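J.: My structure is stored as final24.txt, with compact mmCIF, C-alpha atoms and all ligand atoms.
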# COMPACT_ATOMS: atom_id res chain seq x y z
CA MET A 165 -15.94 -70.72 -20.05
CA VAL A 166 -13.44 -73.54 -20.37
CA GLY A 167 -14.17 -76.49 -18.11
CA GLY A 168 -15.23 -74.16 -15.35
CA ALA A 169 -11.67 -72.88 -15.16
CA ILE A 170 -12.59 -69.28 -15.93
CA ALA A 171 -13.83 -67.06 -13.20
CA TRP A 172 -14.32 -63.39 -12.76
CA SER A 173 -11.86 -61.96 -10.32
CA GLN A 174 -13.96 -59.74 -8.16
CA ARG A 175 -10.92 -57.86 -6.99
CA GLN A 176 -9.68 -57.19 -10.50
CA SER A 177 -13.14 -56.19 -11.63
CA LEU A 178 -13.43 -53.68 -8.82
CA MET A 179 -10.05 -52.24 -9.71
CA SER A 180 -11.15 -51.86 -13.27
CA PHE A 181 -14.29 -50.01 -12.22
CA GLN A 182 -12.44 -46.96 -10.96
CA GLY A 183 -13.70 -44.97 -13.89
CA THR A 184 -16.77 -44.96 -16.03
CA VAL A 185 -15.82 -47.85 -18.29
CA LYS A 186 -18.12 -50.76 -17.51
CA VAL A 187 -16.41 -53.70 -19.16
CA PRO A 188 -14.28 -55.51 -16.57
CA ALA A 189 -11.23 -57.56 -17.40
CA MET A 190 -11.45 -61.33 -17.80
CA VAL A 191 -9.04 -62.94 -15.36
CA PRO A 192 -8.69 -66.72 -15.45
CA MET A 193 -8.28 -68.65 -12.23
CA ASN A 194 -4.65 -69.49 -11.69
CA HIS A 195 -4.20 -73.06 -10.53
CA GLY A 196 -0.50 -72.83 -9.80
CA ASP A 197 1.13 -73.47 -6.49
CA MET A 198 -0.25 -70.61 -4.42
CA SER A 199 2.30 -70.88 -1.63
CA HIS A 200 6.02 -71.31 -1.70
CA GLY A 201 7.97 -71.39 1.54
CA ASN A 202 7.85 -68.55 4.05
CA GLY A 203 4.47 -67.48 2.73
CA ILE A 204 5.92 -66.18 -0.52
CA SER A 205 3.55 -66.84 -3.40
CA PRO A 206 4.60 -65.45 -6.77
CA MET A 207 1.19 -66.44 -8.19
CA ALA A 208 -0.63 -64.34 -5.60
CA MET A 209 1.85 -61.47 -5.96
CA LEU A 210 1.03 -61.04 -9.65
CA ARG A 211 -2.27 -59.31 -8.98
CA ASP A 212 -1.81 -58.26 -5.34
CA PHE A 213 -2.08 -54.48 -5.00
CA ASP A 214 -1.83 -52.92 -1.53
CA ARG A 215 -3.96 -49.77 -1.58
CA GLY A 216 -3.41 -49.06 2.11
CA THR A 217 -5.93 -48.06 4.74
CA VAL A 218 -7.90 -45.15 3.31
CA THR A 219 -9.12 -42.22 5.38
CA GLN A 220 -10.16 -38.65 4.64
CA GLU A 221 -8.22 -35.89 6.37
CA ASN A 222 -9.06 -32.24 5.72
CA GLY A 223 -10.88 -33.17 2.54
CA ARG A 224 -8.19 -35.28 1.00
CA THR A 225 -7.53 -38.99 0.68
CA VAL A 226 -4.84 -40.43 2.92
CA ARG A 227 -3.49 -43.92 2.30
CA GLU A 228 -1.63 -45.46 5.19
CA PHE A 229 0.67 -48.40 4.58
CA LYS A 230 2.43 -50.52 7.17
CA LEU A 231 5.79 -52.00 6.20
CA VAL A 232 7.84 -54.08 8.61
CA ALA A 233 11.46 -54.92 7.81
CA GLN A 234 12.34 -58.45 8.83
CA SER A 235 14.85 -61.16 8.07
CA GLY A 236 13.88 -64.63 6.93
CA GLU A 237 15.00 -67.73 5.09
CA LEU A 238 13.81 -68.40 1.55
CA GLN A 239 14.18 -71.68 -0.33
CA LEU A 240 15.18 -70.50 -3.80
CA ASP A 241 15.54 -73.94 -5.32
CA LYS A 242 16.41 -77.44 -4.12
CA ALA A 243 20.04 -76.52 -3.52
CA ASN A 244 19.86 -72.95 -2.28
CA LYS A 245 18.47 -71.38 0.85
CA PHE A 246 18.89 -67.63 1.07
CA ILE A 247 18.61 -65.29 4.05
CA THR A 248 16.41 -62.42 2.88
CA TRP A 249 15.95 -58.97 4.28
CA ASN A 250 12.34 -58.32 3.44
CA LEU A 251 9.26 -56.19 4.04
CA ASN A 252 6.16 -57.88 5.51
CA GLY A 253 7.77 -61.26 4.84
CA ARG A 254 7.72 -60.73 1.07
CA VAL A 255 10.35 -60.61 -1.68
CA PRO A 256 9.54 -58.49 -3.59
CA ALA A 257 7.89 -56.19 -1.05
CA PRO A 258 4.16 -55.35 -1.36
CA THR A 259 3.12 -53.47 -4.51
CA LEU A 260 1.85 -50.16 -3.12
CA ARG A 261 -0.78 -48.38 -5.16
CA ALA A 262 -2.37 -44.92 -4.94
CA ASN A 263 -4.03 -42.30 -7.09
CA GLU A 264 -2.10 -39.21 -8.09
CA GLY A 265 -2.56 -36.55 -5.41
CA ASP A 266 -3.36 -38.92 -2.56
CA ARG A 267 -1.45 -38.35 0.65
CA ILE A 268 0.81 -41.34 1.31
CA ARG A 269 1.71 -42.31 4.86
CA VAL A 270 4.08 -45.24 5.26
CA VAL A 271 4.61 -46.47 8.80
CA PHE A 272 7.96 -48.19 8.58
CA GLN A 273 8.91 -50.46 11.47
CA ASN A 274 12.41 -51.87 11.39
CA LYS A 275 12.63 -55.32 12.94
CA GLY A 276 15.28 -56.43 10.45
CA GLY A 277 18.28 -56.64 12.75
CA HIS A 278 20.17 -54.04 10.67
CA ALA A 279 19.62 -50.36 9.87
CA HIS A 280 17.32 -49.94 6.86
CA SER A 281 15.34 -47.18 5.15
CA LEU A 282 12.67 -46.73 2.50
CA HIS A 283 13.57 -44.57 -0.48
CA PHE A 284 10.68 -43.93 -2.86
CA HIS A 285 11.05 -42.89 -6.47
CA GLY A 286 8.79 -40.00 -7.46
CA ASP A 287 8.45 -36.41 -6.26
CA HIS A 288 8.72 -35.66 -2.51
CA PRO A 289 10.54 -33.42 0.03
CA ALA A 290 14.19 -34.05 0.94
CA ASN A 291 13.37 -35.17 4.48
CA MET A 292 11.14 -37.92 3.03
CA ASP A 293 13.76 -39.17 0.57
CA GLY A 294 14.62 -42.18 2.70
CA ILE A 295 18.40 -42.01 2.61
CA LYS A 296 18.68 -41.66 6.40
CA PRO A 297 19.04 -45.08 8.08
CA VAL A 298 16.34 -46.17 10.51
CA ARG A 299 17.98 -48.18 13.26
CA ASN A 300 16.84 -51.68 14.15
CA GLY A 301 13.90 -51.47 16.55
CA GLN A 302 12.92 -47.95 15.43
CA VAL A 303 9.83 -46.68 13.59
CA PHE A 304 9.87 -43.92 10.96
CA ILE A 305 6.84 -42.48 9.21
CA TYR A 306 7.31 -41.39 5.60
CA GLU A 307 4.62 -39.00 4.40
CA PHE A 308 4.32 -37.30 1.01
CA ASP A 309 1.98 -36.76 -1.92
CA ALA A 310 1.65 -39.51 -4.54
CA LYS A 311 3.07 -37.88 -7.68
CA PRO A 312 3.65 -37.96 -10.53
CA PHE A 313 1.47 -40.77 -11.88
CA GLY A 314 3.40 -43.68 -13.34
CA VAL A 315 5.20 -46.85 -12.35
CA HIS A 316 7.70 -46.23 -9.59
CA LEU A 317 9.56 -48.27 -7.01
CA TYR A 318 10.81 -48.14 -3.48
CA HIS A 319 13.79 -49.75 -1.84
CA CYS A 320 16.16 -49.60 1.09
CA HIS A 321 18.89 -47.00 0.57
CA VAL A 322 21.31 -47.98 3.32
CA GLU A 323 24.84 -48.71 2.11
CA PRO A 324 25.91 -50.97 0.58
CA VAL A 325 22.70 -50.57 -1.43
CA THR A 326 23.62 -53.53 -3.64
CA ARG A 327 23.42 -55.75 -0.57
CA HIS A 328 20.23 -54.24 0.88
CA ILE A 329 18.39 -54.49 -2.44
CA GLY A 330 20.00 -57.82 -3.30
CA LYS A 331 18.74 -59.26 -0.02
CA GLY A 332 15.17 -58.34 -0.98
CA LEU A 333 14.28 -54.82 0.18
CA TYR A 334 12.53 -53.53 -2.94
CA GLY A 335 9.00 -53.23 -4.29
CA MET A 336 6.84 -51.48 -6.85
CA PHE A 337 4.94 -48.23 -6.23
CA ILE A 338 2.16 -47.54 -8.75
CA VAL A 339 0.57 -44.09 -8.95
CA ASP A 340 -2.55 -44.16 -11.11
CA PRO A 341 -3.33 -41.19 -13.36
CA PRO A 342 -6.31 -38.86 -12.68
CA THR A 343 -8.21 -40.48 -15.55
CA PRO A 344 -8.09 -44.22 -14.88
CA ARG A 345 -6.49 -46.44 -17.45
CA PRO A 346 -8.90 -48.70 -19.39
CA PRO A 347 -9.84 -52.03 -17.77
CA ALA A 348 -7.22 -54.76 -18.21
CA ASP A 349 -5.86 -57.83 -16.51
CA GLU A 350 -3.11 -56.07 -14.58
CA LEU A 351 0.00 -58.01 -13.61
CA VAL A 352 3.22 -57.16 -11.80
CA LEU A 353 6.52 -58.79 -12.77
CA ILE A 354 9.69 -57.74 -10.97
CA MET A 355 13.03 -59.12 -12.08
CA ALA A 356 15.77 -59.61 -9.52
CA GLY A 357 19.03 -61.48 -9.02
CA TYR A 358 20.37 -63.49 -6.10
CA ASP A 359 24.04 -63.30 -5.14
CA VAL A 360 23.98 -66.57 -3.25
CA ASN A 361 27.70 -66.77 -2.41
CA ALA A 362 28.38 -63.04 -1.79
CA ASP A 363 30.81 -62.67 -4.72
CA ARG A 364 28.99 -59.58 -6.08
CA LYS A 365 27.64 -61.60 -9.00
CA ASN A 366 24.23 -63.20 -9.30
CA GLU A 367 23.99 -66.96 -9.40
CA LEU A 368 20.19 -67.09 -9.61
CA TYR A 369 17.54 -64.80 -11.09
CA ALA A 370 13.78 -64.64 -10.62
CA PHE A 371 10.49 -63.02 -11.52
CA ASN A 372 8.66 -62.10 -8.31
CA GLY A 373 11.08 -63.74 -5.91
CA ILE A 374 11.31 -67.44 -6.75
CA PRO A 375 13.59 -68.72 -9.57
CA HIS A 376 11.83 -70.72 -12.30
CA TYR A 377 8.47 -70.35 -10.53
CA TYR A 378 6.40 -69.39 -13.58
CA MET A 379 8.03 -72.16 -15.62
CA HIS A 380 6.47 -74.66 -13.24
CA ASN A 381 3.35 -72.55 -12.66
CA PRO A 382 2.39 -70.80 -15.92
CA ILE A 383 0.37 -67.61 -15.61
CA ALA A 384 -3.12 -68.20 -17.01
CA ILE A 385 -4.41 -65.27 -19.05
CA GLN A 386 -7.44 -65.01 -21.28
CA GLN A 387 -7.35 -65.05 -25.07
CA ASP A 388 -7.90 -61.56 -26.56
CA GLN A 389 -7.89 -59.96 -23.09
CA LEU A 390 -5.87 -56.75 -22.76
CA ILE A 391 -2.94 -57.50 -20.45
CA ARG A 392 -1.32 -54.58 -18.65
CA LEU A 393 2.06 -55.67 -17.38
CA TYR A 394 3.91 -53.53 -14.87
CA VAL A 395 7.56 -54.60 -15.22
CA LEU A 396 10.52 -53.52 -13.09
CA ASN A 397 14.16 -54.49 -13.28
CA MET A 398 15.70 -54.73 -9.79
CA ILE A 399 18.71 -56.84 -10.78
CA GLU A 400 21.86 -55.63 -9.01
CA PHE A 401 25.41 -56.27 -10.34
CA ASP A 402 24.28 -56.73 -13.98
CA ILE A 403 24.13 -53.46 -15.93
CA ALA A 404 20.86 -54.11 -17.71
CA ALA A 405 18.31 -56.75 -18.55
CA THR A 406 15.75 -57.05 -21.28
CA PHE A 407 12.18 -58.31 -21.15
CA HIS A 408 11.20 -60.42 -24.13
CA LEU A 409 7.77 -61.86 -24.92
CA HIS A 410 7.32 -64.79 -27.28
CA ALA A 411 5.05 -64.79 -30.32
CA ASN A 412 3.71 -61.30 -29.72
CA LEU A 413 4.49 -57.60 -29.61
CA PHE A 414 3.70 -55.20 -26.78
CA THR A 415 3.35 -51.45 -26.56
CA VAL A 416 5.85 -49.71 -24.28
CA ASN A 417 4.61 -46.99 -21.94
CA GLN A 418 7.87 -45.70 -20.49
CA THR A 419 7.71 -45.34 -16.70
CA GLY A 420 3.92 -45.43 -17.15
CA ARG A 421 4.04 -41.69 -17.79
CA SER A 422 1.54 -41.74 -20.63
CA PRO A 423 -2.05 -41.82 -19.31
CA ILE A 424 -3.25 -43.70 -22.37
CA VAL A 425 -1.02 -46.24 -24.08
CA GLY A 426 2.58 -46.86 -25.01
CA SER A 427 4.40 -44.99 -27.72
CA TYR A 428 5.91 -47.87 -29.68
CA GLU A 429 5.75 -51.61 -30.25
CA THR A 430 8.45 -54.22 -29.81
CA ASP A 431 8.96 -57.69 -28.39
CA VAL A 432 12.08 -56.85 -26.39
CA ILE A 433 12.68 -53.84 -24.12
CA THR A 434 15.94 -53.02 -22.34
CA MET A 435 15.89 -51.82 -18.74
CA GLY A 436 18.76 -50.68 -16.55
CA THR A 437 18.46 -51.35 -12.84
CA ALA A 438 15.35 -49.59 -11.42
CA GLU A 439 13.88 -48.91 -14.87
CA ARG A 440 10.24 -49.88 -15.20
CA HIS A 441 7.50 -49.64 -17.78
CA ILE A 442 3.92 -50.57 -18.57
CA LEU A 443 3.73 -53.12 -21.36
CA GLU A 444 0.34 -53.86 -22.95
CA PHE A 445 -0.58 -56.75 -25.23
CA LYS A 446 -3.23 -59.32 -26.13
CA TYR A 447 -2.73 -62.90 -27.22
CA HIS A 448 -4.94 -63.99 -30.09
CA GLU A 449 -3.43 -67.49 -30.17
CA THR A 450 -3.91 -69.94 -27.31
CA GLY A 451 -1.28 -72.06 -25.61
CA LYS A 452 1.91 -71.50 -23.67
CA PHE A 453 4.24 -68.63 -24.51
CA MET A 454 7.52 -67.84 -22.77
CA PHE A 455 8.74 -64.56 -21.35
CA HIS A 456 12.29 -63.91 -20.18
CA PRO A 457 15.20 -61.50 -20.41
CA HIS A 458 17.15 -62.12 -23.61
CA GLN A 459 20.31 -62.18 -21.55
CA ASP A 460 19.83 -65.90 -21.81
CA PHE A 461 22.11 -66.71 -18.88
CA MET A 462 19.61 -64.87 -16.67
CA ALA A 463 16.72 -66.85 -18.13
CA GLU A 464 18.56 -70.13 -17.68
CA ALA A 465 19.31 -69.21 -14.05
CA GLY A 466 15.65 -68.70 -13.14
CA CYS A 467 14.27 -65.54 -14.79
CA MET A 468 11.91 -67.28 -17.16
CA GLY A 469 8.22 -68.10 -17.24
CA TYR A 470 5.17 -68.96 -19.31
CA PHE A 471 1.87 -67.31 -20.05
CA ASP A 472 -0.82 -69.92 -20.63
CA VAL A 473 -3.40 -68.33 -22.91
CA ILE A 474 -6.83 -69.85 -22.21
CA ALA A 475 -9.29 -70.10 -25.08
CA ASN A 476 -12.44 -68.02 -25.09
CA ALA A 477 -15.64 -70.03 -25.14
CU CU A 501 18.48 -51.99 4.20
Output the file's structure in the form of structure tokens.
T.:
Amino acid sequence: MVGGAIAWSQRQSLMSFQGTVKVPAMVPMNHGDMSHGNGISPMAMLRDFDRGTVTQENGRTVREFKLVAQSGELQLDKANKFITWNLNGRVPAPTLRANEGDRIRVVFQNKGGHAHSLHFHGDHPANMDGIKPVRNGQVFIYEFDAKPFGVHLYHCHVEPVTRHIGKGLYGMFIVDPPTPRPPADELVLIMAGYDVNADRKNELYAFNGIPHYYMHNPIAIQQDQLIRLYVLNMIEFDIAATFHLHANLFTVNQTGRSPIVGSYETDVITMGTAERHILEFKYHETGKFMFHPHQDFMAEAGCMGYFDVIANA
């Protein structure tokens, strides 16, 4: 314990107890700004997993999610307000999470003022592929099996897709493997760009919605704690982005398709748009360590943050 700043996260502990392993993850309290305009809180989003409303139907688990497309204004920085198209008021959209084989039911209500859709990555029938626009004011129910396990995503697929994703209609979709992964402090970081002046180039970039947020509000993690980072690149207009971690190496589990651990170690991984991985690491040193794409113009324009490694007692 460090000055009473360390607390068990009950939610994280419960998540880690899916299997038989009985050692939960240590998750420090995060004292950053927990709200940021329009109810968007990148600090809360880090560890916020929407597992849906669970019921049993004919002997199988059904997870029902409710996603409402809306439009709203987001203060990106002092100079820039941005009209988002979002789901449930969030950019990025909620991180949906299921176990492989669960039945997924997504009740999609479009109150966005434009036609939108939800296209999931993963394996599903053609009529659930989400390329058909859902008109403003309409409801569409997407239903399919959660498979295969891994880190996936979902996004609006109405043309121009660059605009619909760039305005904020994207989120992560995690399908956990049949044998749960070992306990870890699990975090979601989604990279995105903002084309503020509609010139098909990004002027600002962000992790989890707000430029520079984690520079001003470092992410507290525990020394020697296994960190499982779910990363996704949703940057439109730029071909690729890297994720670079300071003073450490991480293992790369490509698309989360290995049930155990990543296949190689590095400190920089390149992702095209919609690519996503699980990165795992521990910090043995304490203090603040940066993370950012090594396209340094992206980092300088908002896609940059700190981990603050808290000492063990
Ligand atoms: Cu759309």
J.: Using only C-alpha atoms, which residues sit within 9 Å of stretch 245-259 of chain A once same-chain residues fewer than 4 positions away are excluded, as a ChimeraX atom specification?
T.: /A:202-205,209,212-215,230-241,276,317-319,328-338,352,354,356,358,360,372-374
J.: Skipping near chain neighbours, those fewer than 6 positions away, what residues fall within 9 Å of A:Asp287 using only C-alpha atoms, listed as a PDB file with C-alpha atoms, in the coordinates of the input?
T.:
ATOM      1  CA  PHE A 308       4.320 -37.300   1.010  1.00  0.00           C
ATOM      2  CA  ASP A 309       1.980 -36.760  -1.920  1.00  0.00           C
ATOM      3  CA  ALA A 310       1.650 -39.510  -4.540  1.00  0.00           C
ATOM      4  CA  LYS A 311       3.070 -37.880  -7.680  1.00  0.00           C
ATOM      5  CA  PRO A 312       3.650 -37.960 -10.530  1.00  0.00           C
TER       6      PRO A 312
END
J.: Which is closest to ligand CU 501 (chain A) among A:Ala370, A:Ile268, A:Ile399, A:Ala279, if we use all atoms listed in the file?
T.: A:Ala279
J.: I want to know what sits within 6 Å of stretch 408-414 of chain A, based on all atoms listed in the file, with residues of the same chain fewer than 3 positions away left out; could you give that as a PyMOL selection string?
T.: chain A and resi 429-432+443-445+453-457
J.: Store the residues picked out above, limited to C-alpha atoms, as an mmCIF file, in the frame of the given file.
T.:
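Result written to result35.cif:
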data_model
loop_
_atom_site.group_PDB
_atom_site.id
_atom_site.type_symbol
_atom_site.label_atom_id
_atom_site.label_comp_id
_atom_site.auth_asym_id
_atom_site.auth_seq_id
_atom_site.Cartn_x
_atom_site.Cartn_y
_atom_site.Cartn_z
ATOM 1 C CA GLU A 429 5.750 -51.610 -30.250
ATOM 2 C CA THR A 430 8.450 -54.220 -29.810
ATOM 3 C CA ASP A 431 8.960 -57.690 -28.390
ATOM 4 C CA VAL A 432 12.080 -56.850 -26.390
ATOM 5 C CA LEU A 443 3.730 -53.120 -21.360
ATOM 6 C CA GLU A 444 0.340 -53.860 -22.950
ATOM 7 C CA PHE A 445 -0.580 -56.750 -25.230
ATOM 8 C CA PHE A 453 4.240 -68.630 -24.510
ATOM 9 C CA MET A 454 7.520 -67.840 -22.770
ATOM 10 C CA PHE A 455 8.740 -64.560 -21.350
ATOM 11 C CA HIS A 456 12.290 -63.910 -20.180
ATOM 12 C CA PRO A 457 15.200 -61.500 -20.410
#
J.: Within 7 Å of stretch 289-300 of chain A, counting only C-alpha atoms, which residues qualify if same-chain residues fewer than 5 places away don't, as number ranges by chain?
T.: A: 274-284, 306-307, 321-322
J.: Between atom CA of A:Gly426 and atom CA of A:Arg227, what distance in Å does the model show, to one decimal?
T.: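 Distance between the two atoms: 28.1 Å.
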J.: Output requested as a CSV table (one decimal), in the coordinates of the input - stretch 396-416 of chain A, filled out with N, CA and C atoms.
T.:
chain,number,residue,atom,x,y,z
A,396,LEU,N,9.5,-54.3,-13.8
A,396,LEU,CA,10.5,-53.5,-13.1
A,396,LEU,C,11.8,-54.4,-13.0
A,397,ASN,N,12.9,-53.8,-13.4
A,397,ASN,CA,14.2,-54.5,-13.3
A,397,ASN,C,14.9,-54.1,-12.0
A,398,MET,N,15.0,-55.0,-11.0
A,398,MET,CA,15.7,-54.7,-9.8
A,398,MET,C,17.0,-55.6,-9.7
A,399,ILE,N,17.5,-56.0,-10.8
A,399,ILE,CA,18.7,-56.8,-10.8
A,399,ILE,C,19.9,-56.0,-10.5
A,400,GLU,N,20.6,-56.3,-9.4
A,400,GLU,CA,21.9,-55.6,-9.0
A,400,GLU,C,23.0,-56.4,-9.7
A,401,PHE,N,24.1,-55.7,-9.8
A,401,PHE,CA,25.4,-56.3,-10.3
A,401,PHE,C,25.4,-56.4,-11.9
A,402,ASP,N,24.3,-56.7,-12.5
A,402,ASP,CA,24.3,-56.7,-14.0
A,402,ASP,C,23.8,-55.4,-14.5
A,403,ILE,N,24.4,-54.8,-15.5
A,403,ILE,CA,24.1,-53.5,-15.9
A,403,ILE,C,22.7,-53.3,-16.4
A,404,ALA,N,22.2,-54.2,-17.2
A,404,ALA,CA,20.9,-54.1,-17.7
A,404,ALA,C,20.3,-55.5,-18.0
A,405,ALA,N,19.0,-55.5,-18.2
A,405,ALA,CA,18.3,-56.8,-18.6
A,405,ALA,C,17.2,-56.4,-19.5
A,406,THR,N,16.9,-57.3,-20.4
A,406,THR,CA,15.8,-57.0,-21.3
A,406,THR,C,14.5,-57.9,-20.8
A,407,PHE,N,13.4,-57.5,-21.3
A,407,PHE,CA,12.2,-58.3,-21.2
A,407,PHE,C,11.7,-58.7,-22.5
A,408,HIS,N,11.6,-59.9,-22.8
A,408,HIS,CA,11.2,-60.4,-24.1
A,408,HIS,C,10.0,-61.3,-24.0
A,409,LEU,N,9.0,-61.1,-24.9
A,409,LEU,CA,7.8,-61.9,-24.9
A,409,LEU,C,7.7,-62.7,-26.2
A,410,HIS,N,7.4,-63.9,-26.1
A,410,HIS,CA,7.3,-64.8,-27.3
A,410,HIS,C,6.0,-64.6,-28.1
A,411,ALA,N,6.2,-64.7,-29.4
A,411,ALA,CA,5.0,-64.8,-30.3
A,411,ALA,C,4.1,-63.6,-30.2
A,412,ASN,N,4.6,-62.5,-29.9
A,412,ASN,CA,3.7,-61.3,-29.7
A,412,ASN,C,4.5,-60.0,-29.8
A,413,LEU,N,3.9,-58.9,-29.8
A,413,LEU,CA,4.5,-57.6,-29.6
A,413,LEU,C,3.7,-56.9,-28.5
A,414,PHE,N,4.4,-56.0,-27.8
A,414,PHE,CA,3.7,-55.2,-26.8
A,414,PHE,C,4.0,-53.7,-27.0
A,415,THR,N,3.1,-52.9,-26.5
A,415,THR,CA,3.4,-51.4,-26.6
A,415,THR,C,4.1,-51.1,-25.3
A,416,VAL,N,5.0,-50.1,-25.4
A,416,VAL,CA,5.8,-49.7,-24.3
A,416,VAL,C,5.4,-48.3,-23.8
